[in-house]
>>> print(open('entry13.pdb').read())   # PDB, C-alpha atoms, pLDDT in the B column
ATOM      1  CA  MET A   1     108.767 130.109  97.932  1.00 60.00           C
ATOM      2  CA  ASN A   2     110.515 127.573  95.774  1.00 73.00           C
ATOM      3  CA  GLU A   3     112.010 124.399  97.147  1.00 73.00           C
ATOM      4  CA  SER A   4     115.680 125.494  96.897  1.00 75.00           C
ATOM      5  CA  LYS A   5     115.030 128.601  99.016  1.00 78.00           C
ATOM      6  CA  ILE A   6     113.290 126.496 101.665  1.00 79.00           C
ATOM      7  CA  TRP A   7     116.307 124.172 101.839  1.00 78.00           C
ATOM      8  CA  LYS A   8     118.667 127.166 102.133  1.00 79.00           C
ATOM      9  CA  VAL A   9     116.628 128.558 105.037  1.00 78.00           C
ATOM     10  CA  ILE A  10     116.581 125.157 106.753  1.00 79.00           C
ATOM     11  CA  PHE A  11     120.330 124.692 106.230  1.00 78.00           C
ATOM     12  CA  TYR A  12     121.097 128.211 107.508  1.00 80.00           C
ATOM     13  CA  SER A  13     118.860 127.713 110.565  1.00 80.00           C
ATOM     14  CA  MET A  14     120.502 124.398 111.414  1.00 81.00           C
ATOM     15  CA  GLY A  15     123.932 126.071 111.234  1.00 80.00           C
ATOM     16  CA  ILE A  16     122.872 128.799 113.638  1.00 85.00           C
ATOM     17  CA  ILE A  17     121.361 126.274 116.049  1.00 85.00           C
ATOM     18  CA  SER A  18     124.541 124.158 115.900  1.00 82.00           C
ATOM     19  CA  VAL A  19     126.752 127.143 116.725  1.00 83.00           C
ATOM     20  CA  ILE A  20     124.525 128.106 119.666  1.00 84.00           C
ATOM     21  CA  ILE A  21     124.540 124.557 121.041  1.00 82.00           C
ATOM     22  CA  LEU A  22     128.320 124.327 120.654  1.00 77.00           C
ATOM     23  CA  GLY A  23     128.765 127.632 122.488  1.00 70.00           C
ATOM     24  CA  VAL A  24     126.560 126.507 125.375  1.00 70.00           C
ATOM     25  CA  CYS A  25     128.450 123.199 125.607  1.00 61.00           C
ATOM     26  CA  ILE A  26     131.848 124.927 125.688  1.00 61.00           C
ATOM     27  CA  TYR A  27     130.667 127.339 128.372  1.00 60.00           C
ATOM     28  CA  ALA A  28     129.249 124.498 130.480  1.00 55.00           C
ATOM     29  CA  MET A  29     132.420 122.424 130.103  1.00 55.00           C
ATOM     30  CA  SER A  30     134.644 125.325 131.137  1.00 53.00           C
ATOM     31  CA  ALA A  31     132.594 125.796 134.303  1.00 52.00           C
ATOM     32  CA  PHE A  32     133.031 122.124 135.227  1.00 52.00           C
ATOM     33  CA  LEU A  33     136.730 121.967 134.339  1.00 58.00           C
ATOM     34  CA  SER A  34     137.824 124.697 136.721  1.00 65.00           C
ATOM     35  CA  PRO A  35     139.587 123.442 139.848  1.00 64.00           C
ATOM     36  CA  PHE A  36     137.853 126.281 141.680  1.00 66.00           C
ATOM     37  CA  ASN A  37     134.654 124.204 141.756  1.00 71.00           C
ATOM     38  CA  SER A  38     136.231 121.697 144.146  1.00 71.00           C
ATOM     39  CA  LEU A  39     137.414 124.284 146.695  1.00 79.00           C
ATOM     40  CA  ASN A  40     135.753 124.985 150.042  1.00 83.00           C
ATOM     41  CA  LYS A  41     136.066 127.487 152.902  1.00 87.00           C
ATOM     42  CA  ASN A  42     139.088 125.668 154.367  1.00 89.00           C
ATOM     43  CA  ASP A  43     140.830 126.048 151.012  1.00 89.00           C
ATOM     44  CA  TYR A  44     139.998 129.759 150.955  1.00 90.00           C
ATOM     45  CA  GLN A  45     141.704 130.119 154.334  1.00 93.00           C
ATOM     46  CA  SER A  46     144.701 128.166 152.998  1.00 92.00           C
ATOM     47  CA  PHE A  47     144.946 130.609 150.112  1.00 92.00           C
ATOM     48  CA  GLN A  48     144.847 133.510 152.544  1.00 95.00           C
ATOM     49  CA  ASP A  49     147.714 131.908 154.473  1.00 95.00           C
ATOM     50  CA  MET A  50     149.618 131.395 151.203  1.00 94.00           C
ATOM     51  CA  GLY A  51     149.075 135.056 150.320  1.00 94.00           C
ATOM     52  CA  ASN A  52     150.357 136.168 153.718  1.00 95.00           C
ATOM     53  CA  GLN A  53     153.500 134.075 153.210  1.00 95.00           C
ATOM     54  CA  LEU A  54     154.016 135.544 149.724  1.00 95.00           C
ATOM     55  CA  PHE A  55     153.591 139.070 151.098  1.00 95.00           C
ATOM     56  CA  LEU A  56     156.236 138.281 153.745  1.00 95.00           C
ATOM     57  CA  LEU A  57     158.600 137.182 150.960  1.00 94.00           C
ATOM     58  CA  TYR A  58     157.923 140.532 149.273  1.00 95.00           C
ATOM     59  CA  ASP A  59     158.524 142.411 152.531  1.00 95.00           C
ATOM     60  CA  ASP A  60     161.833 140.533 152.931  1.00 94.00           C
ATOM     61  CA  GLY A  61     162.916 141.464 149.368  1.00 93.00           C
ATOM     62  CA  TYR A  62     162.680 137.922 147.946  1.00 93.00           C
ATOM     63  CA  LEU A  63     159.858 138.906 145.559  1.00 92.00           C
ATOM     64  CA  LYS A  64     159.390 142.180 143.678  1.00 91.00           C
ATOM     65  CA  THR A  65     156.271 144.034 142.604  1.00 91.00           C
ATOM     66  CA  GLY A  66     155.270 142.905 139.117  1.00 88.00           C
ATOM     67  CA  GLU A  67     156.999 139.557 139.510  1.00 88.00           C
ATOM     68  CA  TYR A  68     155.548 136.536 137.738  1.00 86.00           C
ATOM     69  CA  VAL A  69     156.447 133.039 138.849  1.00 86.00           C
ATOM     70  CA  GLY A  70     155.143 130.162 136.708  1.00 82.00           C
ATOM     71  CA  THR A  71     155.130 126.509 137.626  1.00 75.00           C
ATOM     72  CA  ALA A  72     158.118 125.851 135.351  1.00 70.00           C
ATOM     73  CA  ASP A  73     160.051 128.688 137.002  1.00 61.00           C
ATOM     74  CA  TYR A  74     159.464 128.286 140.685  1.00 61.00           C
ATOM     75  CA  ASP A  75     160.990 124.808 140.858  1.00 59.00           C
ATOM     76  CA  LYS A  76     164.443 126.222 140.134  1.00 72.00           C
ATOM     77  CA  GLU A  77     164.517 129.962 140.621  1.00 78.00           C
ATOM     78  CA  LYS A  78     162.140 130.551 143.540  1.00 84.00           C
ATOM     79  CA  PRO A  79     162.182 127.507 145.853  1.00 85.00           C
ATOM     80  CA  LYS A  80     160.468 129.427 148.657  1.00 88.00           C
ATOM     81  CA  VAL A  81     157.548 130.187 146.328  1.00 88.00           C
ATOM     82  CA  LYS A  82     157.441 126.515 145.299  1.00 85.00           C
ATOM     83  CA  THR A  83     157.124 125.504 148.923  1.00 85.00           C
ATOM     84  CA  ILE A  84     154.213 127.895 149.438  1.00 89.00           C
ATOM     85  CA  LEU A  85     152.337 127.018 146.227  1.00 87.00           C
ATOM     86  CA  SER A  86     152.981 123.257 146.243  1.00 84.00           C
ATOM     87  CA  LYS A  87     149.881 122.493 148.318  1.00 85.00           C
ATOM     88  CA  TYR A  88     147.704 122.742 145.197  1.00 85.00           C
ATOM     89  CA  LYS A  89     148.885 120.964 142.047  1.00 83.00           C
ATOM     90  CA  PHE A  90     146.483 122.869 139.781  1.00 84.00           C
ATOM     91  CA  ILE A  91     148.195 126.226 140.400  1.00 86.00           C
ATOM     92  CA  ASN A  92     149.694 127.485 137.162  1.00 84.00           C
ATOM     93  CA  SER A  93     151.347 130.737 138.202  1.00 87.00           C
ATOM     94  CA  MET A  94     151.627 133.534 140.734  1.00 90.00           C
ATOM     95  CA  TYR A  95     151.654 137.255 139.991  1.00 91.00           C
ATOM     96  CA  LEU A  96     152.678 139.766 142.639  1.00 92.00           C
ATOM     97  CA  VAL A  97     150.841 142.567 140.830  1.00 91.00           C
ATOM     98  CA  ASP A  98     151.064 145.073 143.659  1.00 90.00           C
ATOM     99  CA  LYS A  99     152.764 145.197 147.037  1.00 93.00           C
ATOM    100  CA  ASP A 100     149.340 144.377 148.490  1.00 95.00           C
ATOM    101  CA  VAL A 101     147.775 142.131 145.801  1.00 94.00           C
ATOM    102  CA  VAL A 102     148.774 138.668 144.615  1.00 95.00           C
ATOM    103  CA  LEU A 103     147.003 136.651 141.910  1.00 92.00           C
ATOM    104  CA  ILE A 104     147.337 132.868 141.943  1.00 91.00           C
ATOM    105  CA  SER A 105     146.079 131.513 138.643  1.00 87.00           C
ATOM    106  CA  PHE A 106     144.865 128.085 137.650  1.00 83.00           C
ATOM    107  CA  ASP A 107     145.111 126.569 134.178  1.00 70.00           C
ATOM    108  CA  ALA A 108     143.425 128.376 131.283  1.00 63.00           C
ATOM    109  CA  ASN A 109     140.062 127.119 129.998  1.00 61.00           C
ATOM    110  CA  PHE A 110     138.767 128.203 126.587  1.00 59.00           C
ATOM    111  CA  GLN A 111     140.506 131.584 126.393  1.00 67.00           C
ATOM    112  CA  SER A 112     139.882 132.471 130.021  1.00 74.00           C
ATOM    113  CA  VAL A 113     141.638 131.818 133.278  1.00 82.00           C
ATOM    114  CA  ASP A 114     140.512 131.798 136.850  1.00 85.00           C
ATOM    115  CA  GLY A 115     142.227 131.742 140.175  1.00 88.00           C
ATOM    116  CA  ILE A 116     142.470 133.365 143.564  1.00 92.00           C
ATOM    117  CA  ALA A 117     143.256 136.999 144.319  1.00 94.00           C
ATOM    118  CA  ILE A 118     144.569 137.783 147.785  1.00 96.00           C
ATOM    119  CA  ARG A 119     144.929 141.299 149.082  1.00 95.00           C
ATOM    120  CA  ARG A 120     146.148 142.990 152.241  1.00 95.00           C
ATOM    121  CA  ASN A 121     145.690 146.463 153.673  1.00 94.00           C
ATOM    122  CA  ASN A 122     142.276 146.673 151.929  1.00 92.00           C
ATOM    123  CA  ALA A 123     144.002 147.259 148.600  1.00 92.00           C
ATOM    124  CA  GLU A 124     141.700 147.980 145.676  1.00 92.00           C
ATOM    125  CA  LEU A 125     141.473 145.162 143.142  1.00 90.00           C
ATOM    126  CA  LYS A 126     141.822 146.452 139.587  1.00 85.00           C
ATOM    127  CA  LYS A 127     140.262 145.231 136.325  1.00 83.00           C
ATOM    128  CA  THR A 128     143.722 145.227 134.696  1.00 80.00           C
ATOM    129  CA  TYR A 129     147.255 144.548 135.888  1.00 83.00           C
ATOM    130  CA  LYS A 130     150.215 144.905 133.537  1.00 81.00           C
ATOM    131  CA  GLY A 131     152.384 141.870 133.034  1.00 75.00           C
ATOM    132  CA  THR A 132     149.677 139.274 133.673  1.00 80.00           C
ATOM    133  CA  GLY A 133     148.849 138.504 130.046  1.00 74.00           C
ATOM    134  CA  PHE A 134     145.120 138.854 130.726  1.00 77.00           C
ATOM    135  CA  ASP A 135     143.152 140.999 128.304  1.00 75.00           C
ATOM    136  CA  GLU A 136     142.810 144.577 129.463  1.00 78.00           C
ATOM    137  CA  GLY A 137     139.827 145.204 131.726  1.00 78.00           C
ATOM    138  CA  THR A 138     138.731 141.562 132.002  1.00 81.00           C
ATOM    139  CA  LEU A 139     139.550 140.787 135.631  1.00 87.00           C
ATOM    140  CA  ASN A 140     136.359 140.203 137.633  1.00 89.00           C
ATOM    141  CA  TYR A 141     136.242 139.250 141.301  1.00 91.00           C
ATOM    142  CA  THR A 142     133.891 137.466 143.687  1.00 91.00           C
ATOM    143  CA  GLU A 143     134.681 137.687 147.395  1.00 93.00           C
ATOM    144  CA  LEU A 144     135.031 134.296 149.084  1.00 93.00           C
ATOM    145  CA  ILE A 145     136.163 135.376 152.540  1.00 94.00           C
ATOM    146  CA  PRO A 146     137.584 138.748 153.613  1.00 94.00           C
ATOM    147  CA  ASN A 147     140.631 139.574 151.441  1.00 95.00           C
ATOM    148  CA  VAL A 148     140.333 136.382 149.347  1.00 95.00           C
ATOM    149  CA  PHE A 149     138.572 136.543 145.984  1.00 94.00           C
ATOM    150  CA  HIS A 150     137.865 134.227 143.079  1.00 91.00           C
ATOM    151  CA  PHE A 151     138.876 135.918 139.832  1.00 90.00           C
ATOM    152  CA  ARG A 152     138.134 135.264 136.175  1.00 86.00           C
ATOM    153  CA  ALA A 153     139.911 136.941 133.279  1.00 84.00           C
ATOM    154  CA  GLY A 154     140.208 136.717 129.521  1.00 72.00           C
ATOM    155  CA  LEU A 155     143.427 135.936 127.699  1.00 57.00           C
TER     156      LEU A 155
END
>>> encode(input="entry13.pdb", output="structure tokens")
Amino acid sequence: MNESKIWKVIFYSMGIISVIILGVCIYAMSAFLSPFNSLNKNDYQSFQDMGNQLFLLYDDGYLKTGEYVGTADYDKEKPKVKTILSKYKFINSMYLVDKDVVLISFDANFQSVDGIAIRRNNAELKKTYKGTGFDEGTLNYTELIPNVFHFRAGL
């Protein structure tokens, strides 16, 4: 092998290694940046209480199925939702995706988002909900306490 080919192989290998290291670093940073990491069982119960209050607003006609309320919106248009969600400053939005399922999302990290899914009446959690802006089929859930789940989704 001549010297120029050796240098090309070395350069190419270093590029691949750099991309792998960068990918691992981004993944590790996104795991540490999520507000979910600082939550505990008391917080999970608080989210369940928040979900119950949001479901009551739905039952009373204040919220509709498919409704999205972002942090910029709920200050003005949905003050009752603001009151419910104001306990946690890192909440980015709320999606009432079904009459029995609400998603409360945190800020996006590196093309993904995580948050809390709350259900009632043992509703089935789906991999996709229209109107959320999450890539189709990317919602994944981990149960925290009964009816309260951590979710992750792609954008």
>>> residues_around(input="entry13.pdb", residues="A:Val113", least_positions_apart="6", cutoff="9 Å", atoms="only C-alpha atoms", output="list in words")
Ser34, Ser105, Phe106, Asp107, Phe134, Phe151, Arg152, Ala153, Gly154 and Leu155 of chain A
>>> resolve_selection(input="entry13.pdb", expression="the PyMOL selection byres ((chain A and resi 72) around 12)", output="VMD selection string")
chain A and resid 68 to 71 73 to 79 81 to 82 91 to 94
>>> closest_residue(input="entry13.pdb", among="A:Asp60, A:Gln45, A:Asn140, A:Gly115", to="A:Lys80", atoms="only C-alpha atoms")
A:Asp60
>>> atom_distance(input="entry13.pdb", atom1="atom CA of A:Gly131", atom2="atom CA of A:Gly66")
6.8 Å
>>> residues_near_point(input="entry13.pdb", point="(147.1, 135.2, 145.3)", cutoff="10 Å", atoms="all atoms listed in the file", output="MDAnalysis selection string")
chainID A and resid 47:52 54:55 85 93:97 100:105 115:119 147:151
>>> closest_residue(input="entry13.pdb", among="A:Thr128, A:Ala123, A:Glu67, A:Asp114", to="A:Asn37", atoms="only C-alpha atoms")
A:Asp114
>>> atom_distance(input="entry13.pdb", atom1="atom CA of A:Gly133", atom2="atom CA of A:Val19")
28.2 Å
>>> axis_aligned_box(input="entry13.pdb", around="stretch 40-51 of chain A", padding_each_side="4 Å", output="AutoDock Vina command-line options")
--center_x 142.7 --center_y 130.0 --center_z 152.3 --size_x 21.9 --size_y 18.1 --size_z 12.4
>>> atom_distance(input="entry13.pdb", atom1="atom CA of A:Pro146", atom2="atom CA of A:Tyr44")
9.7 Å
>>> closest_residue(input="entry13.pdb", among="A:Glu136, A:Asp59, A:Asp43, A:Glu124", to="A:Lys87", atoms="all atoms listed in the file")
A:Asp43
